[in-house]
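Asks: work21.cif is the file, holding mmCIF, C-alpha atoms and all ligand atoms:
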data_coords
loop_
_atom_site.label_atom_id
_atom_site.label_comp_id
_atom_site.auth_asym_id
_atom_site.auth_seq_id
_atom_site.Cartn_x
_atom_site.Cartn_y
_atom_site.Cartn_z
CA MET A 1 51.01 92.67 -8.93
CA SER A 2 54.21 91.32 -7.47
CA THR A 3 56.71 88.97 -9.04
CA LEU A 4 57.28 87.47 -5.60
CA ALA A 5 55.16 84.39 -5.09
CA LEU A 6 52.04 85.04 -3.02
CA ARG A 7 51.94 82.54 -0.16
CA VAL A 8 48.46 81.01 -0.06
CA LEU A 9 47.41 78.39 2.48
CA VAL A 10 44.47 76.04 1.94
CA THR A 11 43.54 73.82 4.89
CA GLY A 12 41.46 70.70 4.46
CA ALA A 13 43.57 70.38 1.34
CA ALA A 14 42.85 66.67 0.86
CA GLY A 15 39.08 67.27 0.96
CA GLN A 16 36.51 67.72 -1.76
CA ILE A 17 36.21 71.54 -1.75
CA ALA A 18 39.99 71.90 -1.99
CA TYR A 19 40.02 69.48 -4.92
CA SER A 20 37.77 71.87 -6.86
CA LEU A 21 39.54 74.99 -5.58
CA LEU A 22 43.28 74.49 -5.96
CA TYR A 23 43.37 74.48 -9.76
CA SER A 24 41.57 77.84 -10.03
CA ILE A 25 43.94 79.48 -7.52
CA ALA A 26 47.06 78.04 -9.11
CA LYS A 27 46.10 79.02 -12.65
CA GLY A 28 45.55 82.68 -11.81
CA ASP A 29 41.76 83.00 -11.64
CA VAL A 30 41.81 84.56 -8.17
CA PHE A 31 44.92 86.69 -7.63
CA GLY A 32 45.62 87.59 -11.24
CA LYS A 33 47.09 86.04 -14.36
CA ASP A 34 50.58 87.44 -13.64
CA GLN A 35 50.79 86.66 -9.94
CA PRO A 36 53.11 83.74 -9.06
CA ILE A 37 51.72 81.51 -6.30
CA ALA A 38 53.25 79.34 -3.58
CA LEU A 39 50.62 76.91 -2.33
CA LEU A 40 50.75 75.64 1.23
CA LEU A 41 48.49 72.67 1.82
CA LEU A 42 47.53 71.56 5.32
CA ASP A 43 45.60 68.48 6.34
CA ILE A 44 45.65 66.06 9.24
CA THR A 45 48.31 63.32 9.45
CA PRO A 46 46.12 60.38 8.28
CA MET A 47 45.30 62.33 5.09
CA MET A 48 48.95 62.87 4.05
CA PRO A 49 48.97 60.00 1.48
CA VAL A 50 45.83 61.45 -0.15
CA LEU A 51 47.33 64.93 -0.11
CA GLU A 52 50.43 63.53 -1.84
CA GLY A 53 48.15 62.47 -4.69
CA VAL A 54 46.68 65.99 -4.90
CA VAL A 55 50.22 67.40 -5.07
CA MET A 56 51.06 65.00 -7.92
CA GLU A 57 48.01 66.20 -9.84
CA MET A 58 48.92 69.83 -9.26
CA GLN A 59 52.39 69.12 -10.64
CA ASP A 60 50.84 67.35 -13.61
CA CYS A 61 48.76 70.44 -14.45
CA ALA A 62 52.08 72.09 -15.44
CA LEU A 63 50.88 75.56 -14.43
CA PRO A 64 53.31 78.42 -15.07
CA LEU A 65 52.26 80.52 -12.05
CA LEU A 66 52.60 77.74 -9.50
CA LYS A 67 56.14 78.21 -8.15
CA GLU A 68 56.03 75.96 -5.10
CA ILE A 69 53.76 73.43 -3.38
CA ILE A 70 54.26 72.49 0.26
CA ALA A 71 52.05 69.74 1.68
CA THR A 72 52.20 69.33 5.44
CA ASP A 73 50.41 68.30 8.64
CA LYS A 74 52.38 70.87 10.69
CA GLU A 75 50.93 74.29 11.50
CA GLU A 76 54.36 75.92 11.92
CA VAL A 77 55.16 74.99 8.30
CA ALA A 78 51.72 75.73 6.84
CA PHE A 79 51.21 79.18 8.42
CA LYS A 80 54.72 80.56 7.80
CA ASP A 81 54.80 84.04 6.18
CA LEU A 82 51.29 83.72 4.74
CA ASP A 83 49.68 86.38 2.58
CA VAL A 84 46.38 84.51 2.38
CA ALA A 85 44.84 81.74 4.50
CA ILE A 86 41.77 79.87 3.29
CA LEU A 87 40.63 77.72 6.20
CA VAL A 88 38.46 74.99 4.71
CA GLY A 89 39.22 72.02 6.97
CA SER A 90 37.08 71.53 10.04
CA MET A 91 35.54 68.77 12.12
CA PRO A 92 32.49 67.39 10.28
CA ARG A 93 29.31 66.47 12.12
CA ARG A 94 29.12 62.72 12.68
CA ASP A 95 25.95 60.69 13.29
CA GLY A 96 24.72 61.17 16.85
CA MET A 97 27.12 64.05 17.53
CA GLU A 98 25.63 66.84 19.63
CA ARG A 99 25.87 70.36 18.24
CA LYS A 100 27.79 71.36 21.36
CA ASP A 101 30.40 68.63 20.82
CA LEU A 102 30.83 69.70 17.21
CA LEU A 103 31.36 73.28 18.33
CA LYS A 104 33.87 72.18 20.96
CA ALA A 105 35.94 70.22 18.42
CA ASN A 106 35.96 73.18 16.04
CA VAL A 107 36.87 75.69 18.73
CA ALA A 108 39.96 73.57 19.40
CA ILE A 109 40.92 73.60 15.69
CA PHE A 110 40.33 77.32 15.10
CA LYS A 111 41.92 78.38 18.39
CA SER A 112 45.06 76.53 17.37
CA GLN A 113 45.01 77.86 13.79
CA GLY A 114 44.32 81.40 15.02
CA ALA A 115 47.33 81.14 17.32
CA ALA A 116 49.42 79.82 14.40
CA LEU A 117 48.34 82.81 12.27
CA ASP A 118 49.33 85.11 15.10
CA LYS A 119 52.72 83.48 15.47
CA TYR A 120 53.79 82.65 11.91
CA ALA A 121 51.76 84.55 9.28
CA LYS A 122 52.35 88.07 7.95
CA LYS A 123 50.39 90.68 9.91
CA THR A 124 48.73 91.68 6.64
CA VAL A 125 47.39 88.15 6.03
CA LYS A 126 43.82 87.91 4.73
CA VAL A 127 41.97 85.03 6.33
CA LEU A 128 38.85 83.41 4.88
CA VAL A 129 37.08 80.79 7.00
CA VAL A 130 34.96 78.24 5.12
CA GLY A 131 34.81 75.25 7.50
CA ASN A 132 31.54 75.11 9.43
CA PRO A 133 30.21 76.59 11.61
CA ALA A 134 32.01 79.20 9.49
CA ASN A 135 30.98 82.41 11.31
CA THR A 136 31.83 81.17 14.78
CA ASN A 137 35.02 79.41 13.65
CA CYS A 138 36.07 82.72 12.11
CA LEU A 139 35.34 84.58 15.35
CA ILE A 140 37.42 82.08 17.34
CA ALA A 141 40.33 82.30 14.89
CA ALA A 142 40.23 86.13 15.03
CA LYS A 143 40.12 86.15 18.85
CA SER A 144 43.08 83.74 18.92
CA ALA A 145 45.20 86.00 16.69
CA PRO A 146 45.30 89.28 18.65
CA SER A 147 48.19 90.76 16.62
CA ILE A 148 46.26 90.55 13.34
CA PRO A 149 43.51 93.14 12.73
CA LYS A 150 40.01 91.66 13.04
CA GLN A 151 39.16 93.31 9.69
CA ASN A 152 41.54 90.83 8.03
CA PHE A 153 39.19 87.96 8.89
CA SER A 154 36.07 87.01 6.95
CA CYS A 155 33.87 83.96 6.54
CA LEU A 156 32.24 82.62 3.41
CA THR A 157 28.62 83.57 2.72
CA ARG A 158 29.31 84.16 -0.96
CA LEU A 159 27.92 80.73 -1.82
CA ASP A 160 24.59 81.77 -0.26
CA HIS A 161 24.86 85.10 -2.11
CA ASN A 162 25.44 83.30 -5.42
CA ARG A 163 22.57 80.91 -4.71
CA ALA A 164 20.21 83.85 -4.08
CA ARG A 165 21.37 85.62 -7.22
CA SER A 166 20.82 82.53 -9.36
CA GLN A 167 17.35 81.85 -7.96
CA VAL A 168 16.22 85.37 -8.89
CA ALA A 169 17.92 85.13 -12.31
CA MET A 170 16.21 81.85 -13.13
CA LYS A 171 12.83 83.28 -12.09
CA CYS A 172 13.35 86.30 -14.39
CA GLY A 173 14.88 84.32 -17.26
CA VAL A 174 18.11 86.36 -17.30
CA PRO A 175 21.77 85.40 -16.69
CA ALA A 176 22.86 85.61 -13.04
CA THR A 177 25.20 88.49 -13.94
CA GLN A 178 22.10 90.64 -14.60
CA VAL A 179 21.07 90.34 -10.93
CA LYS A 180 22.88 92.73 -8.58
CA ASN A 181 22.98 93.50 -4.88
CA VAL A 182 21.26 90.61 -3.17
CA ILE A 183 22.27 90.50 0.49
CA ILE A 184 22.92 87.62 2.85
CA TRP A 185 22.53 88.75 6.45
CA GLY A 186 23.82 86.81 9.45
CA ASN A 187 24.87 83.23 9.88
CA HIS A 188 25.88 80.73 7.19
CA SER A 189 23.13 78.43 8.45
CA SER A 190 19.42 77.93 7.89
CA THR A 191 18.70 81.13 9.89
CA GLN A 192 20.52 83.30 7.32
CA TYR A 193 18.37 85.98 5.71
CA PRO A 194 18.65 86.32 1.92
CA ASP A 195 17.29 89.84 1.30
CA VAL A 196 16.27 91.19 -2.13
CA HIS A 197 14.86 94.58 -1.05
CA HIS A 198 17.90 96.36 -2.54
CA CYS A 199 18.45 93.98 -5.43
CA VAL A 200 18.02 95.15 -9.03
CA VAL A 201 17.59 93.07 -12.18
CA ASN A 202 18.81 94.24 -15.55
CA MET A 203 15.85 93.52 -17.86
CA SER A 204 16.58 94.39 -21.51
CA GLY A 205 19.04 97.12 -20.60
CA SER A 206 17.21 98.85 -17.75
CA GLU A 207 17.62 98.21 -14.03
CA VAL A 208 14.37 97.14 -12.38
CA PRO A 209 13.86 96.61 -8.61
CA CYS A 210 13.77 92.88 -7.89
CA PHE A 211 10.15 92.87 -6.62
CA ASP A 212 8.99 94.53 -9.90
CA ALA A 213 11.07 92.21 -12.05
CA VAL A 214 9.95 88.99 -10.33
CA LYS A 215 6.29 90.09 -9.87
CA ASP A 216 5.70 87.41 -7.24
CA ASP A 217 6.01 88.89 -3.73
CA ALA A 218 4.73 85.70 -2.09
CA TRP A 219 7.59 83.71 -3.65
CA LEU A 220 10.22 86.32 -2.75
CA LYS A 221 9.04 86.43 0.88
CA GLY A 222 8.52 82.68 1.14
CA ASP A 223 9.92 79.89 -1.04
CA PHE A 224 12.82 81.98 -2.34
CA ILE A 225 14.10 82.52 1.21
CA THR A 226 13.67 78.91 2.30
CA THR A 227 15.21 77.58 -0.93
CA VAL A 228 18.38 79.59 -0.32
CA GLN A 229 18.43 78.76 3.40
CA GLN A 230 18.01 75.01 2.73
CA ARG A 231 20.08 74.76 -0.44
CA GLY A 232 23.07 73.11 1.23
CA ALA A 233 20.84 70.39 2.69
CA ALA A 234 19.12 69.89 -0.68
CA VAL A 235 22.49 69.36 -2.40
CA ILE A 236 23.53 66.83 0.26
CA LYS A 237 20.23 64.97 -0.16
CA ALA A 238 20.67 64.75 -3.92
CA ARG A 239 24.43 64.23 -4.21
CA LYS A 240 25.04 62.39 -0.93
CA LEU A 241 27.92 64.84 -0.55
CA SER A 242 27.95 68.50 0.40
CA SER A 243 28.43 71.34 -2.08
CA ALA A 244 31.99 71.38 -3.38
CA MET A 245 32.15 72.78 -6.92
CA SER A 246 29.86 75.70 -6.07
CA ALA A 247 31.66 76.25 -2.75
CA ALA A 248 35.02 76.40 -4.54
CA LYS A 249 33.60 78.87 -7.08
CA ALA A 250 32.25 81.03 -4.25
CA ILE A 251 35.63 80.99 -2.47
CA CYS A 252 37.23 82.21 -5.71
CA ASP A 253 34.61 84.97 -6.09
CA HIS A 254 35.09 86.06 -2.46
CA MET A 255 38.89 86.13 -2.66
CA ARG A 256 39.07 87.71 -6.10
CA GLU A 257 36.87 90.61 -4.99
CA LEU A 258 38.71 90.94 -1.69
CA TRP A 259 41.90 91.24 -3.74
CA SER A 260 40.71 93.37 -6.64
CA GLY A 261 37.56 95.10 -5.40
CA THR A 262 33.84 94.84 -6.04
CA PRO A 263 32.56 96.09 -9.41
CA GLN A 264 31.37 99.71 -9.56
CA GLY A 265 27.84 100.05 -8.14
CA GLU A 266 27.75 96.50 -6.78
CA PHE A 267 28.12 95.00 -3.38
CA THR A 268 28.69 91.49 -2.15
CA SER A 269 28.05 89.59 1.08
CA MET A 270 30.64 88.34 3.54
CA GLY A 271 30.79 87.39 7.18
CA ILE A 272 32.83 90.04 9.00
CA TYR A 273 33.53 91.15 12.54
CA SER A 274 30.69 93.32 13.82
CA THR A 275 31.62 96.26 16.01
CA GLY A 276 27.98 96.98 16.86
CA ASN A 277 27.83 100.11 14.69
CA SER A 278 25.84 98.86 11.70
CA TYR A 279 22.17 97.99 11.29
CA GLY A 280 21.70 97.29 15.01
CA VAL A 281 23.73 94.07 14.78
CA PRO A 282 25.36 93.32 18.16
CA ASP A 283 29.12 93.61 18.45
CA ASP A 284 31.58 90.73 18.79
CA LEU A 285 29.89 88.51 16.19
CA VAL A 286 31.04 87.45 12.75
CA TYR A 287 27.86 88.39 10.86
CA SER A 288 27.28 88.53 7.11
CA PHE A 289 26.75 92.08 5.81
CA PRO A 290 26.59 93.78 2.41
CA VAL A 291 30.05 95.20 1.69
CA HIS A 292 31.92 97.26 -0.88
CA ILE A 293 35.58 96.34 -1.31
CA LYS A 294 38.38 98.63 -2.46
CA ASP A 295 42.16 98.45 -1.90
CA LYS A 296 41.75 95.07 -0.20
CA THR A 297 39.53 96.69 2.45
CA TRP A 298 35.83 96.07 2.94
CA ASN A 299 33.32 98.66 4.08
CA ILE A 300 29.78 97.87 5.15
CA VAL A 301 27.24 99.41 2.75
CA ASP A 302 25.56 102.10 4.85
CA GLY A 303 22.09 103.53 4.95
CA LEU A 304 20.00 100.77 3.37
CA ALA A 305 16.37 100.98 4.50
CA ILE A 306 15.35 97.98 6.62
CA ASN A 307 11.64 97.19 7.00
CA ASP A 308 10.03 95.24 9.85
CA PHE A 309 10.00 92.00 7.82
CA SER A 310 13.77 92.21 7.30
CA ARG A 311 14.50 93.44 10.82
CA ALA A 312 12.86 90.38 12.41
CA LYS A 313 14.87 87.99 10.23
CA MET A 314 18.14 89.87 10.86
CA GLU A 315 17.54 89.66 14.59
CA ALA A 316 16.72 85.94 14.50
CA THR A 317 20.01 85.06 12.81
CA ALA A 318 21.93 87.38 15.18
CA LYS A 319 20.34 85.58 18.13
CA GLU A 320 21.56 82.22 16.83
CA LEU A 321 25.07 83.62 16.36
CA MET A 322 25.14 85.05 19.90
CA GLU A 323 24.19 81.64 21.32
CA GLU A 324 26.84 79.93 19.19
CA ARG A 325 29.44 82.49 20.28
CA ASP A 326 28.61 82.18 23.96
CA THR A 327 28.97 78.39 23.85
CA ALA A 328 32.17 78.61 21.78
CA VAL A 329 33.77 81.19 24.06
CA GLU A 330 33.15 78.90 27.06
CA PHE A 331 35.25 76.27 25.28
CA LEU A 332 37.99 78.78 24.44
CA GLY A 333 39.27 78.75 27.99
CA VAL A 334 39.18 74.94 28.27
P1 LIG B 401 35.82 67.19 3.32
O1 LIG B 401 35.43 66.32 4.48
O2 LIG B 401 35.81 66.61 1.95
O3 LIG B 401 37.29 67.77 3.58
C1 LIG B 401 37.65 68.35 4.78
C2 LIG B 401 39.14 68.12 4.97
O4 LIG B 401 39.53 68.84 6.12
C3 LIG B 401 39.49 66.66 5.20
O5 LIG B 401 40.54 66.27 4.31
C4 LIG B 401 39.96 66.65 6.65
O6 LIG B 401 40.96 65.68 6.90
C5 LIG B 401 40.48 68.06 6.79
N1 LIG B 401 40.66 68.52 8.17
C6 LIG B 401 39.95 68.19 9.27
N2 LIG B 401 40.47 68.79 10.36
C7 LIG B 401 41.53 69.50 9.94
C8 LIG B 401 42.48 70.31 10.59
N3 LIG B 401 42.44 70.50 11.92
N4 LIG B 401 43.44 70.90 9.87
C9 LIG B 401 43.52 70.70 8.54
N5 LIG B 401 42.65 69.93 7.85
C10 LIG B 401 41.67 69.34 8.55
O7 LIG B 401 34.89 68.47 3.44
P2 LIG B 401 34.58 69.57 2.34
O8 LIG B 401 33.40 69.14 1.55
O9 LIG B 401 35.81 69.92 1.63
O10 LIG B 401 34.06 70.78 3.27
C11 LIG B 401 34.95 71.44 4.13
C12 LIG B 401 34.17 72.36 5.07
O11 LIG B 401 33.49 73.38 4.33
C13 LIG B 401 33.10 71.69 5.91
O12 LIG B 401 33.18 72.18 7.24
C14 LIG B 401 31.82 72.16 5.27
O13 LIG B 401 30.73 72.12 6.17
C15 LIG B 401 32.20 73.56 4.89
N6 LIG B 401 31.36 74.23 3.90
C16 LIG B 401 31.15 75.58 4.07
C17 LIG B 401 30.46 76.34 3.16
C18 LIG B 401 30.28 77.81 3.35
O14 LIG B 401 29.60 78.41 2.52
N7 LIG B 401 30.83 78.44 4.38
C19 LIG B 401 29.85 75.71 1.96
C20 LIG B 401 30.44 74.40 1.62
C21 LIG B 401 30.79 73.51 2.78
O15 LIG B 401 29.63 72.87 3.24
#
Written as structure tokens, that's how I'd like the structure from this file.
Ligand code: NAX
Replies:
Amino acid sequence: MSTLALRVLVTGAAGQIAYSLLYSIAKGDVFGKDQPIALLLLDITPMMPVLEGVVMEMQDCALPLLKEIIATDKEEVAFKDLDVAILVGSMPRRDGMERKDLLKANVAIFKSQGAALDKYAKKTVKVLVVGNPANTNCLIAAKSAPSIPKQNFSCLTRLDHNRARSQVAMKCGVPATQVKNVIIWGNHSSTQYPDVHHCVVNMSGSEVPCFDAVKDDAWLKGDFITTVQQRGAAVIKARKLSSAMSAAKAICDHMRELWSGTPQGEFTSMGIYSTGNSYGVPDDLVYSFPVHIKDKTWNIVDGLAINDFSRAKMEATAKELMEERDTAVEFLGV
């Protein structure tokens, strides 16, 4: 813990995820109850009046840890001396927009923000990318910030991880905290692979492998996977808005564990830079892996057995990420 304020940037700060997120960060749920916070809030120029309203509400919360709030549309202000950057803002898909055009618009944003990290942030900054396509945006930001270690960058798949955990918990009739070590492999998209082969469920005090606890292999290999893969779309269909409360909670979980470590005997999922040395995943992708975290450093959980069923799904999501990367990298030079 430091008495110096931790400088935390949230981009897309006038949006709906940020609205659910900022209070938890500022009240100490993420970086600790004694850690003073300086919040830097970035959004685009037309959103500045809305952001002003968010700032007023933050002031009205009268939070003791919140030492400073800076709302801006300027990268050189927002990225200055950052300890943490949570990149939520991105270009949303509009009706009739081609996937390629969406990717192009986001490459422009994350190239610019990566360069701003490189130029203005601390070299120790931890960067979490949330804005979609999160994995590829994270890769572009990391490539655009060559002076910051690639290990400092991650993208959010914790929401998918939490969704998988809750689905298993509901099936077994236990709280979600009794379900450990689900894995999200790959892309934060409908090709992601939620894997329960190494998951255990605490049933009345003893840890039971997930397949034995659930006793429904067909569900675990079928509807469970598609439910988690399609959950974001299901929320949009029902709410007419994308996940915000659960996304904010997942961002807090991700950052808290990145800061303070994963619980003993547990791992989590996050999108990280692949060097090609784990589970046959190609290098130069931001791919979601199971990780342990200690001393603010993640390590991929080694040596988990992968069967043919899992292997095929891990390869399918890697293939999608390689295609996304190749298109995005073409736009990098433009
Ligand atoms: P909103 O549309 O409510 O807010 C986005 C905000 O970002 C807007 O205020 C917009 O003006 C701002 N913005 C756009 N370009 C910007 C830029 N260049 N710099 C700074 N701010 C910029 O979206 P919200 O619901 O908050 O979602 C934000 C992003 O999270 C979306 O890309 C969404 O797809 C993504 N999500 C990712 C998830 C994940 O697990 N990785 C889950 C939740 C969410 O769907």
Asks: May I have the residues within 12 Å of Met58 of chain A as an MDAnalysis selection string, using only C-alpha atoms and disregarding those fewer than 3 positions away in the same chain?
Replies: chainID A and resid 13 18:27 38:39 41 51:55 61:71
Asks: Return as a tab-separated table the residues of chain A lying at most 6 Å from ligand LIG 401 (chain B), together with the closest atom-to-atom pair for each and the distance in Å to one decimal, counting only C-alpha atoms and all ligand atoms, with rows in chain order and ascending residue number.
Replies:
residue	atom	partner	partner_atom	distance
A:Thr11	CA	B:LIG401	C9	4.8
A:Gly12	CA	B:LIG401	O4	3.2
A:Ala13	CA	B:LIG401	O5	5.9
A:Ala14	CA	B:LIG401	O5	4.2
A:Gly15	CA	B:LIG401	O3	3.2
A:Gln16	CA	B:LIG401	O2	3.9
A:Ile17	CA	B:LIG401	O9	3.8
A:Ala18	CA	B:LIG401	O9	5.9
A:Leu42	CA	B:LIG401	C9	5.2
A:Asp43	CA	B:LIG401	N5	3.6
A:Ile44	CA	B:LIG401	N5	5.1
A:Met47	CA	B:LIG401	O6	5.8
A:Val88	CA	B:LIG401	C11	5.0
A:Gly89	CA	B:LIG401	O4	3.3
A:Ser90	CA	B:LIG401	N2	4.4
A:Met91	CA	B:LIG401	N2	5.2
A:Pro92	CA	B:LIG401	O12	5.7
A:Ile109	CA	B:LIG401	N3	5.1
A:Val130	CA	B:LIG401	N7	4.2
A:Gly131	CA	B:LIG401	O12	3.5
A:Asn132	CA	B:LIG401	O12	4.0
A:Ala134	CA	B:LIG401	N7	5.3
A:Leu156	CA	B:LIG401	N7	4.5
A:Thr157	CA	B:LIG401	O14	5.3
A:Leu159	CA	B:LIG401	O14	5.2
A:Ser242	CA	B:LIG401	O15	5.5
A:Ser243	CA	B:LIG401	C20	5.2
A:Ala244	CA	B:LIG401	O8	5.6
A:Ala247	CA	B:LIG401	C20	4.9
Asks: Between atom CA of Val301 of chain A and atom CA of Ala176 of chain A, what is the spacing in Å?
Replies: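 Taking atom CA of Ala176 of chain A and atom CA of Val301 of chain A, their separation equals 21.4 Å.
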Asks: List every protein, DNA or RNA residue that has an atom no more than 12 Å from (48.5, 84.8, 16.9) in the file's coordinate frame, counting all atoms listed in the file, and report them as a PyMOL selection string.
Replies: chain A and resi 76+79-80+110-123+125+140-150
Asks: Give the answer as one residue: which of A:Lys319, A:Lys215, A:Arg239, A:Lys180 has the shortest atom-to-atom distance to Gln264 of chain A, using only C-alpha atoms?
Replies: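 Selected residue with least distance to Gln264 of chain A: A:Lys180.
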Asks: Can you measure atom CA of Leu6 of chain A to atom CA of Asp81 of chain A for me? One decimal in Å is fine.
Replies: 9.7 Å
Asks: Residues at most 12 Å from segment 166-170 of chain A, counting only C-alpha atoms, excluding those fewer than 4 positions away in the same chain, as a PDB file with C-alpha atoms, in the frame of the given file?
Replies:
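Once everything was written out, this is part_25.pdb:
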ATOM      1  CA  LEU A 159      27.920  80.730  -1.820  1.00  0.00           C
ATOM      2  CA  ASP A 160      24.590  81.770  -0.260  1.00  0.00           C
ATOM      3  CA  HIS A 161      24.860  85.100  -2.110  1.00  0.00           C
ATOM      4  CA  ASN A 162      25.440  83.300  -5.420  1.00  0.00           C
ATOM      5  CA  VAL A 174      18.110  86.360 -17.300  1.00  0.00           C
ATOM      6  CA  PRO A 175      21.770  85.400 -16.690  1.00  0.00           C
ATOM      7  CA  ALA A 176      22.860  85.610 -13.040  1.00  0.00           C
ATOM      8  CA  THR A 177      25.200  88.490 -13.940  1.00  0.00           C
ATOM      9  CA  GLN A 178      22.100  90.640 -14.600  1.00  0.00           C
ATOM     10  CA  VAL A 179      21.070  90.340 -10.930  1.00  0.00           C
ATOM     11  CA  LYS A 180      22.880  92.730  -8.580  1.00  0.00           C
ATOM     12  CA  ASN A 181      22.980  93.500  -4.880  1.00  0.00           C
ATOM     13  CA  VAL A 182      21.260  90.610  -3.170  1.00  0.00           C
ATOM     14  CA  PRO A 194      18.650  86.320   1.920  1.00  0.00           C
ATOM     15  CA  ASP A 195      17.290  89.840   1.300  1.00  0.00           C
ATOM     16  CA  VAL A 196      16.270  91.190  -2.130  1.00  0.00           C
ATOM     17  CA  CYS A 199      18.450  93.980  -5.430  1.00  0.00           C
ATOM     18  CA  VAL A 200      18.020  95.150  -9.030  1.00  0.00           C
ATOM     19  CA  VAL A 201      17.590  93.070 -12.180  1.00  0.00           C
ATOM     20  CA  ASN A 202      18.810  94.240 -15.550  1.00  0.00           C
ATOM     21  CA  MET A 203      15.850  93.520 -17.860  1.00  0.00           C
ATOM     22  CA  PRO A 209      13.860  96.610  -8.610  1.00  0.00           C
ATOM     23  CA  CYS A 210      13.770  92.880  -7.890  1.00  0.00           C
ATOM     24  CA  PHE A 211      10.150  92.870  -6.620  1.00  0.00           C
ATOM     25  CA  ASP A 212       8.990  94.530  -9.900  1.00  0.00           C
ATOM     26  CA  ALA A 213      11.070  92.210 -12.050  1.00  0.00           C
ATOM     27  CA  VAL A 214       9.950  88.990 -10.330  1.00  0.00           C
ATOM     28  CA  LYS A 215       6.290  90.090  -9.870  1.00  0.00           C
ATOM     29  CA  ASP A 216       5.700  87.410  -7.240  1.00  0.00           C
ATOM     30  CA  ASP A 217       6.010  88.890  -3.730  1.00  0.00           C
ATOM     31  CA  TRP A 219       7.590  83.710  -3.650  1.00  0.00           C
ATOM     32  CA  LEU A 220      10.220  86.320  -2.750  1.00  0.00           C
ATOM     33  CA  ASP A 223       9.920  79.890  -1.040  1.00  0.00           C
ATOM     34  CA  PHE A 224      12.820  81.980  -2.340  1.00  0.00           C
ATOM     35  CA  ILE A 225      14.100  82.520   1.210  1.00  0.00           C
ATOM     36  CA  THR A 226      13.670  78.910   2.300  1.00  0.00           C
ATOM     37  CA  THR A 227      15.210  77.580  -0.930  1.00  0.00           C
ATOM     38  CA  VAL A 228      18.380  79.590  -0.320  1.00  0.00           C
ATOM     39  CA  GLN A 229      18.430  78.760   3.400  1.00  0.00           C
ATOM     40  CA  ARG A 231      20.080  74.760  -0.440  1.00  0.00           C
ATOM     41  CA  SER A 246      29.860  75.700  -6.070  1.00  0.00           C
TER      42      SER A 246
END
Asks: Identify, on the basis of all atoms listed in the file, every residue whose closest approach to Ala305 of chain A does not exceed 12 Å; exclude the query and any residue fewer than 3 positions from it along the same chain; express the result as a short mmCIF file (atom, residue, chain, number, x, y, z; two decimals) with C-alpha atoms, in the coordinates of the input.
Replies:
data_model
loop_
_atom_site.label_atom_id
_atom_site.label_comp_id
_atom_site.auth_asym_id
_atom_site.auth_seq_id
_atom_site.Cartn_x
_atom_site.Cartn_y
_atom_site.Cartn_z
CA ASP A 195 17.29 89.84 1.30
CA VAL A 196 16.27 91.19 -2.13
CA HIS A 197 14.86 94.58 -1.05
CA HIS A 198 17.90 96.36 -2.54
CA TYR A 279 22.17 97.99 11.29
CA VAL A 301 27.24 99.41 2.75
CA ASP A 302 25.56 102.10 4.85
CA ASP A 308 10.03 95.24 9.85
CA PHE A 309 10.00 92.00 7.82
CA SER A 310 13.77 92.21 7.30
CA ARG A 311 14.50 93.44 10.82
#
